[in-house]
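Engineer: File model25.pdb below, PDB, C-alpha atoms:
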MODEL        1
ATOM      1  CA  MET A 425      -2.391  -0.413  21.238  1.00  0.00           C
ATOM      2  CA  THR A 426      -3.362   2.062  18.550  1.00  0.00           C
ATOM      3  CA  VAL A 427      -1.784   2.623  15.140  1.00  0.00           C
ATOM      4  CA  ALA A 428      -0.281   5.868  16.433  1.00  0.00           C
ATOM      5  CA  GLU A 429       1.135   4.337  19.646  1.00  0.00           C
ATOM      6  CA  ASN A 430       3.837   1.721  20.092  1.00  0.00           C
ATOM      7  CA  HIS A 431       5.579   0.072  23.002  1.00  0.00           C
ATOM      8  CA  ALA A 432       9.201   1.158  23.339  1.00  0.00           C
ATOM      9  CA  ASP A 433      10.442  -2.422  23.033  1.00  0.00           C
ATOM     10  CA  GLN A 434       8.255  -3.321  20.043  1.00  0.00           C
ATOM     11  CA  GLU A 435       8.967  -2.455  16.415  1.00  0.00           C
ATOM     12  CA  PRO A 436       6.169  -0.431  14.790  1.00  0.00           C
ATOM     13  CA  ASN A 437       3.844  -2.492  12.610  1.00  0.00           C
ATOM     14  CA  ILE A 438       3.556  -2.141   8.837  1.00  0.00           C
ATOM     15  CA  LEU A 439       0.514   0.172   9.077  1.00  0.00           C
ATOM     16  CA  ASP A 440       2.355   2.541  11.430  1.00  0.00           C
ATOM     17  CA  ARG A 441       5.434   2.662   9.245  1.00  0.00           C
ATOM     18  CA  THR A 442       3.458   3.081   6.015  1.00  0.00           C
ATOM     19  CA  LEU A 443       1.404   5.877   7.555  1.00  0.00           C
ATOM     20  CA  LYS A 444       4.548   7.637   8.754  1.00  0.00           C
ATOM     21  CA  ARG A 445       6.125   7.225   5.308  1.00  0.00           C
ATOM     22  CA  LEU A 446       3.121   8.858   3.616  1.00  0.00           C
ATOM     23  CA  MET A 447       2.231  11.501   6.185  1.00  0.00           C
ATOM     24  CA  GLY A 448       5.706  12.259   7.512  1.00  0.00           C
ATOM     25  CA  HIS A 449       6.106  13.428  11.056  1.00  0.00           C
ATOM     26  CA  ARG A 450       2.842  15.322  10.878  1.00  0.00           C
ATOM     27  CA  ALA A 451       0.516  14.296  13.673  1.00  0.00           C
ATOM     28  CA  THR A 452      -2.291  12.021  12.577  1.00  0.00           C
ATOM     29  CA  THR A 453      -5.558  11.051  14.145  1.00  0.00           C
ATOM     30  CA  ALA A 454      -5.464   7.494  12.784  1.00  0.00           C
ATOM     31  CA  LEU A 455      -6.053   5.154  15.693  1.00  0.00           C
ATOM     32  CA  SER A 456      -6.875   1.983  13.783  1.00  0.00           C
ATOM     33  CA  ALA A 457      -6.856   0.388  10.361  1.00  0.00           C
ATOM     34  CA  PHE A 458     -10.434   1.629   9.994  1.00  0.00           C
ATOM     35  CA  ASP A 459      -9.201   5.213  10.445  1.00  0.00           C
ATOM     36  CA  ILE A 460      -6.596   4.620   7.750  1.00  0.00           C
ATOM     37  CA  HIS A 461      -9.321   3.221   5.495  1.00  0.00           C
ATOM     38  CA  GLU A 462     -11.332   6.417   6.028  1.00  0.00           C
ATOM     39  CA  MET A 463      -8.265   8.585   5.297  1.00  0.00           C
ATOM     40  CA  ILE A 464      -7.748   6.741   2.018  1.00  0.00           C
ATOM     41  CA  GLU A 465     -11.436   6.964   1.153  1.00  0.00           C
ATOM     42  CA  LYS A 466     -11.424  10.740   1.759  1.00  0.00           C
ATOM     43  CA  GLY A 467      -8.209  11.066  -0.244  1.00  0.00           C
ATOM     44  CA  LEU A 468      -4.638  11.529   0.892  1.00  0.00           C
ATOM     45  CA  PRO A 469      -3.419  15.149   0.902  1.00  0.00           C
ATOM     46  CA  SER A 470      -1.552  15.910  -2.313  1.00  0.00           C
ATOM     47  CA  GLN A 471       1.253  17.726  -0.488  1.00  0.00           C
ATOM     48  CA  ASP A 472       2.041  14.551   1.514  1.00  0.00           C
ATOM     49  CA  VAL A 473       1.982  12.407  -1.604  1.00  0.00           C
ATOM     50  CA  ILE A 474       4.279  14.856  -3.421  1.00  0.00           C
ATOM     51  CA  ARG A 475       6.749  14.686  -0.527  1.00  0.00           C
ATOM     52  CA  PHE A 476       6.537  10.879  -0.629  1.00  0.00           C
ATOM     53  CA  VAL A 477       7.075  10.781  -4.412  1.00  0.00           C
ATOM     54  CA  GLU A 478      10.122  13.014  -4.076  1.00  0.00           C
ATOM     55  CA  SER A 479      11.591  10.719  -1.403  1.00  0.00           C
ATOM     56  CA  VAL A 480      11.495   7.576  -3.580  1.00  0.00           C
ATOM     57  CA  ASN A 481      14.202   7.292  -6.249  1.00  0.00           C
ATOM     58  CA  LEU A 482      12.079   4.838  -8.222  1.00  0.00           C
ATOM     59  CA  PHE A 483       9.650   7.691  -8.930  1.00  0.00           C
ATOM     60  CA  HIS A 484      12.255   9.653 -10.872  1.00  0.00           C
ATOM     61  CA  ASP A 485      10.871   7.797 -13.882  1.00  0.00           C
ATOM     62  CA  LYS A 486       7.678   9.685 -14.740  1.00  0.00           C
ATOM     63  CA  ARG A 487       6.074   6.520 -16.133  1.00  0.00           C
ATOM     64  CA  VAL A 488       6.362   4.891 -12.712  1.00  0.00           C
ATOM     65  CA  VAL A 489       4.493   7.777 -11.064  1.00  0.00           C
ATOM     66  CA  SER A 490       1.713   7.510 -13.615  1.00  0.00           C
ATOM     67  CA  LYS A 491       1.489   3.729 -13.361  1.00  0.00           C
ATOM     68  CA  VAL A 492       1.644   3.476  -9.587  1.00  0.00           C
ATOM     69  CA  LEU A 493      -0.487   6.470  -8.599  1.00  0.00           C
ATOM     70  CA  GLY A 494      -2.921   6.420 -11.496  1.00  0.00           C
ATOM     71  CA  MET A 495      -2.192  10.032 -12.478  1.00  0.00           C
ATOM     72  CA  SER A 496       0.475  11.871 -14.364  1.00  0.00           C
ATOM     73  CA  GLU A 497       3.322  13.525 -12.509  1.00  0.00           C
ATOM     74  CA  ARG A 498       2.248  16.805 -14.091  1.00  0.00           C
ATOM     75  CA  THR A 499      -1.245  16.486 -12.600  1.00  0.00           C
ATOM     76  CA  LEU A 500       0.228  15.670  -9.206  1.00  0.00           C
ATOM     77  CA  TYR A 501       2.535  18.695  -9.239  1.00  0.00           C
ATOM     78  CA  ARG A 502      -0.262  20.959 -10.460  1.00  0.00           C
ATOM     79  CA  ARG A 503      -1.776  20.376  -7.061  1.00  0.00           C
ATOM     80  CA  VAL A 504       1.091  22.267  -5.445  1.00  0.00           C
ATOM     81  CA  LYS A 505      -0.578  25.519  -6.462  1.00  0.00           C
ATOM     82  CA  ASN A 506      -4.074  24.208  -5.878  1.00  0.00           C
ATOM     83  CA  PRO A 507      -3.838  21.706  -2.979  1.00  0.00           C
ATOM     84  CA  GLU A 508      -6.429  19.035  -3.477  1.00  0.00           C
ATOM     85  CA  SER A 509      -6.669  15.550  -2.039  1.00  0.00           C
ATOM     86  CA  LEU A 510      -6.148  12.556  -4.266  1.00  0.00           C
ATOM     87  CA  THR A 511      -9.164  10.486  -5.238  1.00  0.00           C
ATOM     88  CA  ALA A 512      -9.921   7.368  -3.210  1.00  0.00           C
ATOM     89  CA  GLU A 513      -8.526   5.210  -6.049  1.00  0.00           C
ATOM     90  CA  GLN A 514      -5.313   7.244  -6.318  1.00  0.00           C
ATOM     91  CA  SER A 515      -4.942   7.214  -2.535  1.00  0.00           C
ATOM     92  CA  SER A 516      -5.475   3.466  -2.425  1.00  0.00           C
ATOM     93  CA  ARG A 517      -2.867   2.892  -5.120  1.00  0.00           C
ATOM     94  CA  THR A 518      -0.423   5.184  -3.307  1.00  0.00           C
ATOM     95  CA  TRP A 519      -1.011   3.344  -0.025  1.00  0.00           C
ATOM     96  CA  ARG A 520      -0.480  -0.072  -1.669  1.00  0.00           C
ATOM     97  CA  PHE A 521       2.816   1.070  -3.155  1.00  0.00           C
ATOM     98  CA  ALA A 522       4.033   2.603   0.123  1.00  0.00           C
ATOM     99  CA  GLU A 523       3.052  -0.527   2.044  1.00  0.00           C
ATOM    100  CA  ILE A 524       4.795  -2.901  -0.368  1.00  0.00           C
ATOM    101  CA  LEU A 525       7.891  -0.703  -0.470  1.00  0.00           C
ATOM    102  CA  THR A 526       8.000  -0.662   3.343  1.00  0.00           C
ATOM    103  CA  LYS A 527       7.674  -4.456   3.447  1.00  0.00           C
ATOM    104  CA  ALA A 528      10.358  -4.873   0.747  1.00  0.00           C
ATOM    105  CA  GLU A 529      12.703  -2.699   2.806  1.00  0.00           C
ATOM    106  CA  ASP A 530      12.064  -5.013   5.766  1.00  0.00           C
ATOM    107  CA  VAL A 531      12.896  -8.076   3.675  1.00  0.00           C
ATOM    108  CA  PHE A 532      15.955  -6.647   1.912  1.00  0.00           C
ATOM    109  CA  GLY A 533      17.172  -4.489   4.782  1.00  0.00           C
ATOM    110  CA  ASP A 534      18.015  -1.580   2.481  1.00  0.00           C
ATOM    111  CA  PRO A 535      15.771   1.041   0.817  1.00  0.00           C
ATOM    112  CA  GLU A 536      17.829   1.170  -2.398  1.00  0.00           C
ATOM    113  CA  GLU A 537      17.863  -2.622  -2.723  1.00  0.00           C
ATOM    114  CA  ALA A 538      14.098  -2.735  -2.139  1.00  0.00           C
ATOM    115  CA  GLN A 539      13.501  -0.150  -4.869  1.00  0.00           C
ATOM    116  CA  ARG A 540      15.807  -1.986  -7.267  1.00  0.00           C
ATOM    117  CA  TRP A 541      13.902  -5.224  -6.573  1.00  0.00           C
ATOM    118  CA  MET A 542      10.574  -3.486  -7.216  1.00  0.00           C
ATOM    119  CA  ASN A 543      11.718  -2.689 -10.762  1.00  0.00           C
ATOM    120  CA  THR A 544      13.303  -6.073 -11.577  1.00  0.00           C
ATOM    121  CA  PRO A 545      11.514  -9.138 -13.015  1.00  0.00           C
ATOM    122  CA  ALA A 546      11.141 -11.813 -10.319  1.00  0.00           C
ATOM    123  CA  MET A 547      11.051 -15.546 -11.029  1.00  0.00           C
ATOM    124  CA  GLY A 548       8.654 -16.038  -8.108  1.00  0.00           C
ATOM    125  CA  LEU A 549       6.268 -13.621  -9.839  1.00  0.00           C
ATOM    126  CA  GLU A 550       6.428 -15.451 -13.177  1.00  0.00           C
ATOM    127  CA  GLY A 551       8.941 -12.940 -14.520  1.00  0.00           C
ATOM    128  CA  HIS A 552       6.815  -9.874 -13.733  1.00  0.00           C
ATOM    129  CA  LYS A 553       8.229  -6.780 -12.085  1.00  0.00           C
ATOM    130  CA  PRO A 554       6.602  -6.126  -8.709  1.00  0.00           C
ATOM    131  CA  ILE A 555       6.038  -2.480  -9.707  1.00  0.00           C
ATOM    132  CA  ASP A 556       3.897  -3.680 -12.640  1.00  0.00           C
ATOM    133  CA  LEU A 557       1.769  -5.977 -10.492  1.00  0.00           C
ATOM    134  CA  ILE A 558       0.848  -3.622  -7.663  1.00  0.00           C
ATOM    135  CA  THR A 559      -1.440  -1.568  -9.893  1.00  0.00           C
ATOM    136  CA  THR A 560      -4.280  -3.967  -9.008  1.00  0.00           C
ATOM    137  CA  GLN A 561      -5.393  -5.479  -5.715  1.00  0.00           C
ATOM    138  CA  VAL A 562      -4.761  -9.022  -6.959  1.00  0.00           C
ATOM    139  CA  GLY A 563      -1.265  -8.073  -8.128  1.00  0.00           C
ATOM    140  CA  PHE A 564      -0.601  -6.363  -4.803  1.00  0.00           C
ATOM    141  CA  GLU A 565      -1.564  -9.574  -2.997  1.00  0.00           C
ATOM    142  CA  LEU A 566       0.757 -11.604  -5.243  1.00  0.00           C
ATOM    143  CA  VAL A 567       3.693  -9.307  -4.461  1.00  0.00           C
ATOM    144  CA  ASP A 568       2.818  -9.147  -0.766  1.00  0.00           C
ATOM    145  CA  ASP A 569       2.626 -12.938  -0.554  1.00  0.00           C
ATOM    146  CA  PHE A 570       5.933 -13.316  -2.423  1.00  0.00           C
ATOM    147  CA  LEU A 571       7.664 -10.895  -0.031  1.00  0.00           C
ATOM    148  CA  THR A 572       6.286 -12.848   2.932  1.00  0.00           C
ATOM    149  CA  ARG A 573       7.615 -16.092   1.444  1.00  0.00           C
ATOM    150  CA  MET A 574      11.001 -14.470   0.810  1.00  0.00           C
ATOM    151  CA  ASP A 575      11.078 -13.211   4.389  1.00  0.00           C
ATOM    152  CA  TYR A 576      10.547 -16.784   5.620  1.00  0.00           C
ATOM    153  CA  GLY A 577      12.968 -18.261   3.077  1.00  0.00           C
ATOM    154  CA  VAL A 578      10.269 -20.004   1.015  1.00  0.00           C
ATOM    155  CA  TYR A 579      10.718 -19.036  -2.635  1.00  0.00           C
ATOM    156  CA  THR A 580       8.490 -21.600  -4.354  1.00  0.00           C
TER     157      THR A 580
ENDMDL
END
Rewrite the structure from the file as structure tokens, please.
Structural biologist:
Amino acid sequence: MTVAENHADQEPNILDRTLKRLMGHRATTALSAFDIHEMIEKGLPSQDVIRFVESVNLFHDKRVVSKVLGMSERTLYRRVKNPESLTAEQSSRTWRFAEILTKAEDVFGDPEEAQRWMNTPAMGLEGHKPIDLITTQVGFELVDDFLTRMDYGVYT
């Protein structure tokens, strides 16, 4: 099974859903996680990232955009007139956020609740907000692990 294909009776995996969230319904050539890696390395298209940013209420705070994507909202929207892909680092940060948000929605069962949780200090994260931790790979792994534990009912 490829990233772009799913069995009718099987829920799409996290990579499929994250890719769809970032790229929309636009056809993609990603067939594996390696293809996604290459897409991120080349840089995600700014128009897709802008659409994604506009779809997430949490991003209405300009500081969140800057923190999560590694660029100012102004810089991002400047790319509307001059479409340019994000850098590999900005694309990677965007992917991490989209993936964690997708996983949080799975755990909480509601997009608004997942976004609220992302911006709330969590005891299982030593009082840190998940949104503050996902700016680094280590922080992303901490949040990802905590969501997995929450999903299985293991909070300690």
Engineer: What does the structure give for the distance between atom CA of Ser516 of chain A and atom CA of Ile464 of chain A, in Å to one decimal?
Structural biologist: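 Pair atom CA of Ser516 of chain A / atom CA of Ile464 of chain A returns 6.0 Å.
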Engineer: Can you work out which one of A:Leu510, A:Leu439, A:Val504, A:Val578 has the shortest atom-to-atom distance to Phe458 of chain A, counting all atoms listed in the file?
Structural biologist: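 Smallest distance to Phe458 of chain A is found for A:Leu439.
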Engineer: Within 9 Å of (0.2, -2.1, 0.8), only C-alpha atoms: residues as a PyMOL selection string?
Structural biologist: chain A and resi 438-439+442+516-527+558+564-565+568
Engineer: Return as a list in words the set of residues that the PyMOL selection byres ((chain A and resi 542) around 9) yields on the displayed structure.
Structural biologist: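 Applying the PyMOL selection byres ((chain A and resi 542) around 9) to the structure shown produces Leu482, Ile524, Leu525, Ala528, Glu537, Ala538, Gln539, Arg540, Trp541, Asn543, Thr544, Pro545, Ala546, Lys553, Pro554, Ile555 and Asp556 of chain A.
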Engineer: Can you tell me, as a PyMOL selection string, which residues sit within 9 Å of (-9.9, 12.7, -2.5) in the file's frame, using only C-alpha atoms?
Structural biologist: chain A and resi 463-470+508-515
Engineer: Could you write those residues out with C-alpha atoms, as a compact mmCIF listing (two decimals), in the coordinates of the input?
Structural biologist:
# COMPACT_ATOMS: atom_id res chain seq x y z
CA MET A 463 -8.26 8.59 5.30
CA ILE A 464 -7.75 6.74 2.02
CA GLU A 465 -11.44 6.96 1.15
CA LYS A 466 -11.42 10.74 1.76
CA GLY A 467 -8.21 11.07 -0.24
CA LEU A 468 -4.64 11.53 0.89
CA PRO A 469 -3.42 15.15 0.90
CA SER A 470 -1.55 15.91 -2.31
CA GLU A 508 -6.43 19.04 -3.48
CA SER A 509 -6.67 15.55 -2.04
CA LEU A 510 -6.15 12.56 -4.27
CA THR A 511 -9.16 10.49 -5.24
CA ALA A 512 -9.92 7.37 -3.21
CA GLU A 513 -8.53 5.21 -6.05
CA GLN A 514 -5.31 7.24 -6.32
CA SER A 515 -4.94 7.21 -2.54
